[in-house]
Every structure is written in structure tokens, then in C-alpha cells.
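Shown below: query20.cif, with mmCIF, C-alpha atoms.
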```cif
data_entry
loop_
_atom_site.label_atom_id
_atom_site.label_comp_id
_atom_site.auth_asym_id
_atom_site.auth_seq_id
_atom_site.Cartn_x
_atom_site.Cartn_y
_atom_site.Cartn_z
CA MET A 279 -5.72 -12.01 -33.57
CA CYS A 280 -8.04 -9.01 -33.16
CA ASP A 281 -7.61 -5.83 -31.18
CA GLY A 282 -10.69 -5.53 -28.99
CA ASP A 283 -12.73 -3.38 -31.38
CA GLY A 284 -11.43 -4.99 -34.58
CA ALA A 285 -12.06 -8.26 -36.35
CA LEU A 286 -8.68 -9.41 -37.61
CA THR A 287 -8.20 -13.13 -37.00
CA GLU A 288 -4.91 -14.94 -36.80
CA THR A 289 -4.40 -18.65 -36.23
CA ALA A 290 -1.86 -19.20 -33.48
CA PRO A 291 0.72 -21.92 -34.06
CA GLY A 292 -0.33 -25.21 -32.58
CA ASP A 293 1.22 -28.63 -32.63
CA GLY A 294 0.27 -30.84 -35.50
CA GLY A 295 -3.37 -30.47 -36.43
CA TYR A 296 -4.55 -28.38 -33.43
CA THR A 297 -6.38 -25.23 -34.52
CA PRO A 298 -7.20 -22.82 -31.68
CA ASN A 299 -10.10 -20.41 -31.79
CA SER A 300 -9.56 -16.76 -32.71
CA VAL A 301 -8.02 -14.70 -29.95
CA CYS A 302 -8.70 -11.00 -29.30
CA ASN A 303 -6.53 -8.53 -27.44
CA HIS A 304 -9.05 -6.76 -25.19
CA ARG A 305 -6.53 -4.44 -23.59
CA ARG A 306 -7.72 -1.32 -25.42
CA VAL A 307 -11.41 -1.84 -24.69
CA ALA A 308 -10.58 -2.70 -21.05
CA LYS A 309 -8.66 0.56 -20.65
CA LYS A 310 -11.57 2.49 -22.16
CA ARG A 311 -14.08 0.88 -19.79
CA ALA A 312 -11.84 1.39 -16.74
CA ARG A 313 -11.33 5.07 -17.59
CA ALA A 314 -15.05 5.56 -18.18
CA ILE A 315 -15.86 3.97 -14.79
CA VAL A 316 -13.67 6.53 -13.02
CA TYR A 317 -15.42 9.50 -14.64
CA THR A 318 -19.00 8.14 -14.69
CA ARG A 319 -21.57 8.91 -12.02
CA GLY A 320 -24.57 6.79 -11.15
CA LYS A 321 -24.72 3.13 -10.13
CA LYS A 322 -26.66 1.98 -13.19
CA ALA A 323 -24.31 3.63 -15.65
CA LYS A 324 -21.28 2.24 -13.84
CA ALA A 325 -22.81 -1.23 -13.66
CA LYS A 326 -23.15 -1.27 -17.44
CA LEU A 327 -19.49 -0.33 -17.86
CA TYR A 328 -18.45 -2.93 -15.31
CA ALA A 329 -20.37 -5.54 -17.29
CA GLY A 330 -18.34 -4.71 -20.39
CA LEU A 331 -15.07 -4.76 -18.47
CA LEU A 332 -15.85 -8.10 -16.82
CA SER A 333 -16.91 -9.56 -20.17
CA ALA A 334 -13.49 -8.73 -21.64
CA THR A 335 -11.81 -10.17 -18.55
CA HIS A 336 -13.79 -13.43 -18.77
CA LYS A 337 -12.80 -13.80 -22.43
CA THR A 338 -9.13 -13.23 -21.62
CA VAL A 339 -9.24 -15.86 -18.87
CA GLY A 340 -10.87 -18.18 -21.39
CA TYR A 341 -7.94 -17.67 -23.78
CA LEU A 342 -5.52 -18.63 -21.01
CA GLU A 343 -7.46 -21.79 -20.21
CA GLN A 344 -7.68 -22.61 -23.91
CA ALA A 345 -3.93 -22.22 -24.30
CA GLN A 346 -3.29 -24.45 -21.28
CA HIS A 347 -5.10 -27.30 -23.04
CA ILE A 348 -2.87 -27.17 -26.11
CA PRO A 349 -0.97 -30.46 -25.97
CA ALA A 350 2.77 -29.83 -25.82
CA THR A 351 4.84 -31.95 -28.22
CA THR A 352 8.00 -31.61 -26.16
CA PRO A 353 7.81 -30.49 -22.52
CA SER A 354 10.09 -27.55 -21.84
CA GLN A 355 11.14 -25.43 -18.89
CA ALA A 356 9.63 -22.31 -20.52
CA TRP A 357 6.24 -24.03 -20.88
CA ASP A 358 6.29 -25.22 -17.27
CA LEU A 359 7.16 -21.71 -16.09
CA TRP A 360 4.38 -20.13 -18.16
CA ASN A 361 1.87 -22.72 -16.93
CA ALA A 362 2.91 -22.05 -13.32
CA HIS A 363 2.36 -18.32 -13.83
CA VAL A 364 -1.13 -18.95 -15.26
CA ASN A 365 -2.07 -21.22 -12.36
CA HIS A 366 -0.87 -18.54 -9.94
CA TYR A 367 -2.67 -15.56 -11.50
CA LYS A 368 -5.91 -17.22 -12.61
CA PRO A 369 -7.40 -17.63 -9.08
CA LEU A 370 -6.42 -14.03 -8.29
CA ILE A 371 -8.16 -12.75 -11.43
CA LYS A 372 -11.30 -14.70 -10.53
CA ARG A 373 -11.15 -13.24 -7.02
CA ILE A 374 -11.01 -9.72 -8.49
CA ILE A 375 -14.00 -10.56 -10.71
CA ASP A 376 -15.96 -11.83 -7.71
CA GLN A 377 -15.36 -8.72 -5.59
CA ALA A 378 -16.22 -6.46 -8.55
CA LYS A 379 -19.54 -8.30 -8.98
CA ARG A 380 -20.31 -7.95 -5.28
CA ARG A 381 -19.75 -4.19 -5.39
CA ALA A 382 -21.11 -3.26 -8.83
CA PHE A 383 -24.07 -5.62 -9.21
CA ALA A 384 -25.06 -6.85 -5.75
CA GLY A 385 -24.64 -3.41 -4.17
CA GLY A 386 -22.62 -4.85 -1.31
CA LYS A 387 -19.44 -3.65 0.33
CA VAL A 388 -16.31 -5.76 0.39
CA PRO A 389 -14.42 -5.35 3.70
CA ALA A 390 -10.91 -3.97 3.24
CA VAL A 391 -9.38 -7.09 4.78
CA GLU A 392 -11.03 -9.21 2.07
CA LYS A 393 -10.15 -6.97 -0.88
CA LEU A 394 -7.44 -7.79 -3.35
CA PHE A 395 -5.98 -4.56 -4.69
CA SER A 396 -3.31 -5.99 -7.00
CA ILE A 397 -2.83 -9.40 -8.56
CA PHE A 398 0.88 -8.67 -8.87
CA GLU A 399 1.36 -7.64 -5.22
CA VAL A 400 -1.31 -9.48 -3.23
CA TYR A 401 -0.13 -8.09 0.12
CA THR A 402 -0.73 -4.47 -0.89
CA ASP A 403 -2.97 -2.49 1.48
CA ILE A 404 -5.10 0.57 0.73
CA ILE A 405 -3.96 3.67 2.61
CA ILE A 406 -6.51 6.45 3.15
CA LYS A 407 -5.42 9.57 5.02
CA GLY A 408 -8.17 12.16 5.27
CA GLY A 409 -9.08 13.84 1.99
CA ARG A 410 -5.74 13.08 0.37
CA GLU A 411 -5.32 10.85 -2.65
CA ILE A 412 -5.72 7.14 -1.95
CA GLN A 413 -2.42 5.25 -2.03
CA TYR A 414 -1.53 1.58 -2.08
CA GLY A 415 1.30 -0.02 -0.17
CA HIS A 416 1.89 -0.33 3.58
CA LYS A 417 1.74 2.27 6.32
CA LEU A 418 4.97 3.00 8.22
CA ASN A 419 5.29 4.36 11.74
CA LEU A 420 8.66 6.01 12.38
CA SER A 421 10.22 7.38 15.53
CA THR A 422 13.29 9.56 15.65
CA GLY A 423 15.28 11.65 18.12
CA LYS A 424 17.20 14.91 18.33
CA SER A 425 20.03 13.51 16.20
CA GLY A 426 17.71 12.78 13.28
CA LEU A 427 18.50 9.06 13.39
CA ILE A 428 15.55 6.74 12.80
CA LEU A 429 15.16 4.98 16.14
CA ASP A 430 12.36 2.59 15.23
CA VAL A 431 10.20 1.54 12.28
CA VAL A 432 6.96 -0.45 12.38
CA ILE A 433 5.57 -1.69 9.06
CA GLU A 434 1.84 -2.06 9.42
CA GLN A 435 -0.56 -4.40 7.66
CA GLY A 436 -3.98 -3.03 6.87
CA ASN A 437 -4.85 0.61 7.47
CA PRO A 438 -4.92 1.09 11.26
CA ALA A 439 -5.81 4.55 12.56
CA ASP A 440 -2.78 6.60 13.59
CA SER A 441 -4.35 7.26 16.99
CA GLU A 442 -4.30 3.51 17.69
CA ARG A 443 -0.57 3.24 17.03
CA LEU A 444 0.91 5.92 19.29
CA MET A 445 1.06 4.05 22.58
CA PRO A 446 2.35 0.79 21.01
CA MET A 447 5.17 2.86 19.46
CA VAL A 448 5.93 4.47 22.84
CA ALA A 449 5.92 1.03 24.50
CA ARG A 450 8.39 -0.25 21.87
CA HIS A 451 10.67 2.74 22.51
CA ILE A 452 10.70 2.10 26.26
CA LYS A 453 11.39 -1.60 25.71
CA ASN A 454 14.16 -1.02 23.18
CA TYR A 455 15.95 1.87 24.94
CA GLY A 456 15.17 1.21 28.58
CA ASN A 457 13.77 4.62 29.55
CA VAL A 458 10.70 6.79 29.20
CA PRO A 459 11.18 9.80 26.91
CA ARG A 460 10.93 13.14 28.69
CA GLN A 461 9.17 14.85 25.79
CA LEU A 462 7.10 13.62 22.87
CA ALA A 463 6.26 15.44 19.63
CA VAL A 464 3.95 13.61 17.26
CA ASP A 465 1.82 14.13 14.18
CA GLY A 466 -1.70 15.44 14.62
CA GLY A 467 -3.18 12.16 13.39
CA TYR A 468 -2.10 10.52 16.67
CA ALA A 469 -3.89 13.11 18.81
CA SER A 470 -6.57 12.00 21.23
CA LYS A 471 -7.43 12.64 24.84
CA GLU A 472 -6.89 8.96 25.65
CA ASN A 473 -3.37 8.99 24.16
CA LEU A 474 -2.49 12.16 26.07
CA GLU A 475 -3.65 10.68 29.37
CA ALA A 476 -1.84 7.37 28.71
CA ALA A 477 1.41 9.14 27.81
CA LYS A 478 1.26 11.35 30.90
CA ALA A 479 0.57 8.27 33.05
CA LEU A 480 3.87 6.78 31.83
CA GLY A 481 5.73 9.84 33.12
CA ILE A 482 6.23 11.76 29.86
CA GLU A 483 6.36 15.43 30.90
CA ASP A 484 5.43 17.12 27.61
CA VAL A 485 3.29 15.62 24.83
CA ALA A 486 2.87 17.95 21.84
CA PHE A 487 0.52 16.92 19.06
CA HIS A 488 1.15 18.79 15.81
CA GLU A 489 -2.57 19.58 15.70
CA LYS A 490 -4.43 20.24 18.94
CA CYS A 491 -7.63 18.40 17.89
CA GLY A 492 -9.63 19.93 20.74
CA LEU A 493 -6.89 19.52 23.35
CA HIS A 494 -5.57 22.44 25.39
CA VAL A 495 -1.90 23.41 25.29
CA GLU A 496 -1.69 23.61 29.08
CA ASP A 497 -2.86 19.99 29.31
CA MET A 498 -0.19 18.81 26.87
CA VAL A 499 2.91 20.79 27.87
CA ARG A 500 4.27 23.15 30.54
CA SER A 501 4.01 26.32 28.46
CA THR A 502 3.12 27.72 25.07
CA TRP A 503 6.84 28.19 24.37
CA VAL A 504 7.53 24.49 24.96
CA TYR A 505 4.62 23.54 22.74
CA ARG A 506 5.91 25.78 19.95
CA GLN A 507 9.43 24.32 20.23
CA LEU A 508 8.17 20.73 20.10
CA ARG A 509 5.79 21.48 17.24
CA ASN A 510 8.64 23.02 15.24
CA PHE A 511 10.80 19.99 16.00
CA ARG A 512 8.03 17.76 14.70
CA ALA A 513 7.81 19.83 11.50
CA GLY A 514 11.56 19.35 11.00
CA ILE A 515 11.08 15.58 11.02
CA GLU A 516 9.30 15.96 7.68
CA ALA A 517 12.66 16.84 6.16
CA GLY A 518 14.06 13.50 7.28
CA ILE A 519 11.06 11.66 5.86
CA SER A 520 11.48 13.54 2.58
CA CYS A 521 15.16 12.55 2.51
CA LEU A 522 14.21 8.90 3.04
CA LYS A 523 11.85 9.12 0.08
CA ARG A 524 14.07 11.05 -2.32
CA ALA A 525 17.59 9.87 -1.49
CA TYR A 526 16.97 6.36 -0.18
CA GLY A 527 14.13 5.13 -2.39
CA LEU A 528 11.40 4.94 0.24
CA SER A 529 8.79 6.58 -1.99
CA ARG A 530 8.33 3.38 -4.01
CA CYS A 531 9.29 -0.19 -3.22
CA THR A 532 10.39 -2.23 -6.23
CA TRP A 533 10.77 -5.57 -4.43
CA LYS A 534 7.91 -8.10 -4.54
CA GLY A 535 6.33 -9.75 -1.51
CA PHE A 536 5.67 -8.46 2.01
CA GLU A 537 8.89 -9.89 3.48
CA HIS A 538 10.89 -8.24 0.70
CA PHE A 539 8.96 -5.02 1.31
CA LYS A 540 10.12 -5.07 4.94
CA SER A 541 13.70 -5.74 3.85
CA TYR A 542 13.51 -2.84 1.40
CA VAL A 543 12.26 -0.45 4.09
CA TRP A 544 14.89 -1.47 6.59
CA SER A 545 17.69 -1.24 4.02
CA SER A 546 16.60 2.35 3.29
CA VAL A 547 16.45 3.23 6.98
CA VAL A 548 19.83 1.66 7.80
CA SER A 549 21.45 3.41 4.81
CA HIS A 550 19.99 6.73 6.00
CA ASN A 551 21.28 6.19 9.53
CA LEU A 552 24.77 5.17 8.40
CA ALA A 553 25.09 8.23 6.18
CA LEU A 554 23.88 10.47 9.02
CA LEU A 555 26.29 8.89 11.52
CA ALA A 556 29.17 9.56 9.12
CA ARG A 557 28.25 13.26 9.06
CA LEU A 558 27.67 13.68 12.79
CA SER A 559 30.58 15.14 14.76
CA PRO A 560 31.91 12.90 17.55
CA THR A 561 31.04 14.10 21.03
#
```
Take the structure I supplied and represent it as C-alpha cells, if you would.
Amino acid sequence: MCDGDGALTETAPGDGGYTPNSVCNHRRVAKKRARAIVYTRGKKAKAKLYAGLLSATHKTVGYLEQAQHIPATTPSQAWDLWNAHVNHYKPLIKRIIDQAKRRAFAGGKVPAVEKLFSIFEVYTDIIIKGGREIQYGHKLNLSTGKSGLILDVVIEQGNPADSERLMPMVARHIKNYGNVPRQLAVDGGYASKENLEAAKALGIEDVAFHEKCGLHVEDMVRSTWVYRQLRNFRAGIEAGISCLKRAYGLSRCTWKGFEHFKSYVWSSVVSHNLALLARLSPT
């Protein structure tokens, strides 16, 4: 076996007289190429690095296919499990190779809905929020009330704009709780003139966006004082979100699969609400 840049060869154990070809561990060279791609500017220079990275990937896939053709003397559960894993991951690896070729060599763009961001978590979405660091996972829309209890959670697929999700969240609240909220305080990402007009049309008296985004205070709420109170209330919600992340594990999901992701989120939210209910004084 050789280590990417080396030349040490080791014959892997076969069955009987089978002698496999030499196998190289390309992990080190792949890490070098991937790191260089991040810090390299220029399409031509990056294309050359991508070629080296894809070459190592093709060789690794070849080793897997070579190993699959080793005749097994005695079928075993471990072999069947390994073979199932290879058959699962191999098409995903080839899909990653294809989309890398389309971007790096053909100069095309791969739509986000067609991209595969992780072979280990195929349902992962890319989350881009302004100039902040790109994250991978799923976007959550939360609603809460004066008590601090999480009243609703929507786990999104894809990366929908926040402004597109405000009114569906309001509609869910009305359906679930049977009344229209009197006041609404939301993050600045949901701000738009259309959302303000739609919320007012439902009968919501005050709609305070955390950032005005070109809207006038007098159009959103009754007074500057009301706007300031609602904006401060919205800022306080960040503490609840931080608590969900730090105390209830919502910063990173460790369960695989989208259905398990949803279960993980809801288990965190329910745990948060139960702990908060235990601390609230009865009225």
C-alpha cells in the first residue's frame, strides 16, 4: 500500500491465488488539493487542481470496484454489509465527480436543487444568509410568544428566502391557535412591503421588522415607542434561540436522514418547552 505521494506496495490478502493490484491511500494528496483549491484564484489554476483531485477520486473508486470483484470463499454478513455500503456510496461519489466536472471544466453552474453537498447526508441543503459564512443543514423557521415557549417550527428544504416564509408562518399560527395575533415582531430578513401589507390585511395591528429595509415606522406600528418595544422583544428571542443551540443540542444534528433530522429538532424544541413550563409560575 502506498500513501499518495509514496511508492510502498503491499499485497492485500486475497483468497487462494488472487493477487490484487497495488493500492494507494490518496487521502493526503486529496486534502492537499482540496486546501489548495480554496486558496487559489483563477479558473485555469483551479481547474488543474480539480483535475488532480478527481484523478485521485477515480483511482479510489477503482480500488473499491476491484475489491468488489474479489471472489469470497465463504459469504459472510460483514462482507454483505460492506458490499451494500459500497453500492450505496459509489453512485453518490460519481454524482459528485460529475457536478465537479460541470463546474470546473465546462464552466457551467449546477442548480442548488441538483447539487449533492454530502455523500454521508444526501438531504443536506446549503444555507446562505447575506455575507455570513455558508452553512450546511436545513433552515428552521420558529415562532414564539410572550412566554418564551416555541409555538411552531417549520423545517425547510432548500434555501427559501426569509421574506417568502413570513405569511405562511402567520397562516399556520392562525390555523393552529384560532386567532390573528395583535402584534408581530420579526427578523429583518422577513421585511418587505408586500409582507407588511398582507399582515395588515389580516388584521394585525402592529408589524415590527427588526430592520426597516426602507419601510417607515408609522406604516408598521402605531408609534415609535411601540416599534422600539417590539424590536426589543424580537432581540430577546435570540436568547431563546441561543438556549436551544447550547442547552438542547440544536446547533448540530447528529442523527442521519431528513426524517431523523426533523425528529431531532422537535425533540429539542419539546425539551425546551417542558423545561420552561416547569419554571413558569402558575397563573
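Between atom CA of A:Ser396 and atom CA of A:Arg530 lies a distance of 15.2 Å.
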For the provided coordinates, the residues matched by the PyMOL selection byres ((chain A and resi 444-461) around 7) should be stated as an MDAnalysis selection string. chainID A and resid 440:443 462:463 468 473 482:485
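The space separating atom CA of A:Phe536 from atom CA of A:Arg313 comes to 29.3 Å.
Of the listed residues A:Ile397, A:Ala384, A:Ala323, A:Ala517, the one whose atoms come nearest to A:His363 is A:Ile397, with distances taken using only C-alpha atoms.
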Set out as a tab-separated table a contact list for stretch 367-447 of chain A and stretch 532-535 of chain A with a cut-off of 8 Å, giving each residue of stretch 367-447 of chain A that qualifies its closest atom pair and distance in Å to one decimal, counting all atoms listed in the file, ordered by chain and rising residue number.
```
residue	atom	partner	partner_atom	distance
A:Glu399	CA	A:Gly535	CA	6.6
A:Val400	CA	A:Gly535	CA	7.8
A:Tyr401	CA	A:Gly535	CA	6.9
```
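Within the file as shown, the PyMOL selection byres ((chain A and resi 509) around 10) identifies Leu462, Ala463, Val464, Asp465, Gly466, Val485, Ala486, Phe487, His488, Glu489, Trp503, Val504, Tyr505, Arg506, Gln507, Leu508, Asn510, Phe511, Arg512, Ala513 and Gly514 of chain A.
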Name the residues captured by the PyMOL selection byres ((chain A and resi 325-339) around 10) when it is applied to the shown file; answer as an MDAnalysis selection string.
chainID A and resid 282 301:305 307:315 318 320:324 340:345 364 367:368 371:372 374:376 378:379 381:385
Restricting to all atoms listed in the file, whichever of A:Ala476, A:Ile433, A:Met498, A:Leu370 is closest to A:Phe398 is A:Leu370
Do you know which residues are at most 8 Å from A:Asp430 counting only C-alpha atoms, after dropping those on the same chain fewer than 4 positions away, and could you put them as a list in words? Leu420, Ser421, Thr422 and His451 of chain A
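With all atoms listed in the file as the atoms that count, the minimum distance from A:Asn361 to the choices A:Val316, A:Ile348, A:Ala556, A:Val548 is reached by A:Ile348.
Rounded to one decimal, atom CA of A:Gln377 and atom CA of A:Asn437 lie 19.2 Å from each other.
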Shell of 10 Å around A:Lys407, only C-alpha atoms, local chain residues under 2 positions omitted, as a tab-separated table (two decimals) with C-alpha atoms, in the coordinates of the input:
```tsv
chain	number	residue	atom	x	y	z
A	404	ILE	CA	-5.10	0.57	0.73
A	405	ILE	CA	-3.96	3.67	2.61
A	409	GLY	CA	-9.08	13.84	1.99
A	410	ARG	CA	-5.74	13.08	0.37
A	411	GLU	CA	-5.32	10.85	-2.65
A	412	ILE	CA	-5.72	7.14	-1.95
A	413	GLN	CA	-2.42	5.25	-2.03
A	437	ASN	CA	-4.85	0.61	7.47
A	439	ALA	CA	-5.81	4.55	12.56
A	440	ASP	CA	-2.78	6.60	13.59
A	467	GLY	CA	-3.18	12.16	13.39
```
Of A:Lys540, A:Glu472, A:Pro438, A:Ile428, the one sitting nearest A:Leu552 when using only C-alpha atoms is A:Ile428
If you count only C-alpha atoms, the residue of A:Gly436, A:Val388, A:Trp357, A:Ser425 closest to A:Ile406 turns out to be A:Gly436
A:Leu418 proximity check over A:Gln435, A:Gln346, A:Ser541, A:Ser520, using all atoms listed in the file: winner is A:Gln435
Final N, CA and C atoms of stretch 432-457 of chain A as an mmCIF file, in the coordinates of the input:
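That gives us selection.cif:
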```cif
data_model
loop_
_atom_site.group_PDB
_atom_site.id
_atom_site.type_symbol
_atom_site.label_atom_id
_atom_site.label_comp_id
_atom_site.auth_asym_id
_atom_site.auth_seq_id
_atom_site.Cartn_x
_atom_site.Cartn_y
_atom_site.Cartn_z
ATOM 1 N N VAL A 432 7.958 0.620 12.345
ATOM 2 C CA VAL A 432 6.960 -0.450 12.380
ATOM 3 C C VAL A 432 6.220 -0.431 11.048
ATOM 4 N N ILE A 433 6.244 -1.554 10.354
ATOM 5 C CA ILE A 433 5.570 -1.690 9.060
ATOM 6 C C ILE A 433 4.232 -2.353 9.308
ATOM 7 N N GLU A 434 3.173 -1.591 9.080
ATOM 8 C CA GLU A 434 1.840 -2.060 9.420
ATOM 9 C C GLU A 434 1.233 -2.884 8.278
ATOM 10 N N GLN A 435 0.293 -3.734 8.634
ATOM 11 C CA GLN A 435 -0.560 -4.400 7.660
ATOM 12 C C GLN A 435 -1.981 -3.915 7.865
ATOM 13 N N GLY A 436 -2.678 -3.653 6.768
ATOM 14 C CA GLY A 436 -3.980 -3.030 6.870
ATOM 15 C C GLY A 436 -3.820 -1.515 6.920
ATOM 16 N N ASN A 437 -4.876 -0.842 7.386
ATOM 17 C CA ASN A 437 -4.850 0.610 7.470
ATOM 18 C C ASN A 437 -5.304 1.053 8.860
ATOM 19 N N PRO A 438 -4.512 0.713 9.907
ATOM 20 C CA PRO A 438 -4.920 1.090 11.260
ATOM 21 C C PRO A 438 -4.904 2.602 11.438
ATOM 22 N N ALA A 439 -5.780 3.115 12.271
ATOM 23 C CA ALA A 439 -5.810 4.550 12.560
ATOM 24 C C ALA A 439 -4.521 4.952 13.274
ATOM 25 N N ASP A 440 -4.009 6.130 12.948
ATOM 26 C CA ASP A 440 -2.780 6.600 13.590
ATOM 27 C C ASP A 440 -2.946 6.676 15.100
ATOM 28 N N SER A 441 -4.130 7.094 15.546
ATOM 29 C CA SER A 441 -4.350 7.260 16.990
ATOM 30 C C SER A 441 -4.211 5.942 17.746
ATOM 31 N N GLU A 442 -4.419 4.818 17.050
ATOM 32 C CA GLU A 442 -4.300 3.510 17.690
ATOM 33 C C GLU A 442 -2.853 3.043 17.796
ATOM 34 N N ARG A 443 -1.942 3.724 17.107
ATOM 35 C CA ARG A 443 -0.570 3.240 17.030
ATOM 36 C C ARG A 443 0.412 4.017 17.892
ATOM 37 N N LEU A 444 -0.031 5.114 18.507
ATOM 38 C CA LEU A 444 0.910 5.920 19.290
ATOM 39 C C LEU A 444 1.461 5.175 20.496
ATOM 40 N N MET A 445 0.590 4.682 21.351
ATOM 41 C CA MET A 445 1.060 4.050 22.580
ATOM 42 C C MET A 445 1.851 2.764 22.323
ATOM 43 N N PRO A 446 1.470 1.923 21.333
ATOM 44 C CA PRO A 446 2.350 0.790 21.010
ATOM 45 C C PRO A 446 3.750 1.230 20.585
ATOM 46 N N MET A 447 3.851 2.358 19.863
ATOM 47 C CA MET A 447 5.170 2.860 19.460
ATOM 48 C C MET A 447 5.948 3.347 20.689
ATOM 49 N N VAL A 448 5.264 4.017 21.618
ATOM 50 C CA VAL A 448 5.930 4.470 22.840
ATOM 51 C C VAL A 448 6.396 3.272 23.662
ATOM 52 N N ALA A 449 5.550 2.239 23.746
ATOM 53 C CA ALA A 449 5.920 1.030 24.500
ATOM 54 C C ALA A 449 7.147 0.362 23.876
ATOM 55 N N ARG A 450 7.221 0.331 22.544
ATOM 56 C CA ARG A 450 8.390 -0.250 21.870
ATOM 57 C C ARG A 450 9.652 0.558 22.190
ATOM 58 N N HIS A 451 9.519 1.890 22.207
ATOM 59 C CA HIS A 451 10.670 2.740 22.510
ATOM 60 C C HIS A 451 11.197 2.451 23.916
ATOM 61 N N ILE A 452 10.285 2.366 24.876
ATOM 62 C CA ILE A 452 10.700 2.100 26.260
ATOM 63 C C ILE A 452 11.364 0.729 26.368
ATOM 64 N N LYS A 453 10.813 -0.260 25.673
ATOM 65 C CA LYS A 453 11.390 -1.600 25.710
ATOM 66 C C LYS A 453 12.763 -1.644 25.060
ATOM 67 N N ASN A 454 12.904 -0.968 23.925
ATOM 68 C CA ASN A 454 14.160 -1.020 23.180
ATOM 69 C C ASN A 454 15.278 -0.197 23.820
ATOM 70 N N TYR A 455 14.919 0.946 24.441
ATOM 71 C CA TYR A 455 15.950 1.870 24.940
ATOM 72 C C TYR A 455 15.993 1.973 26.447
ATOM 73 N N GLY A 456 15.067 1.329 27.136
ATOM 74 C CA GLY A 456 15.170 1.210 28.580
ATOM 75 C C GLY A 456 14.771 2.430 29.386
ATOM 76 N N ASN A 457 14.218 3.466 28.769
ATOM 77 C CA ASN A 457 13.770 4.620 29.550
ATOM 78 C C ASN A 457 12.565 5.282 28.885
#
```
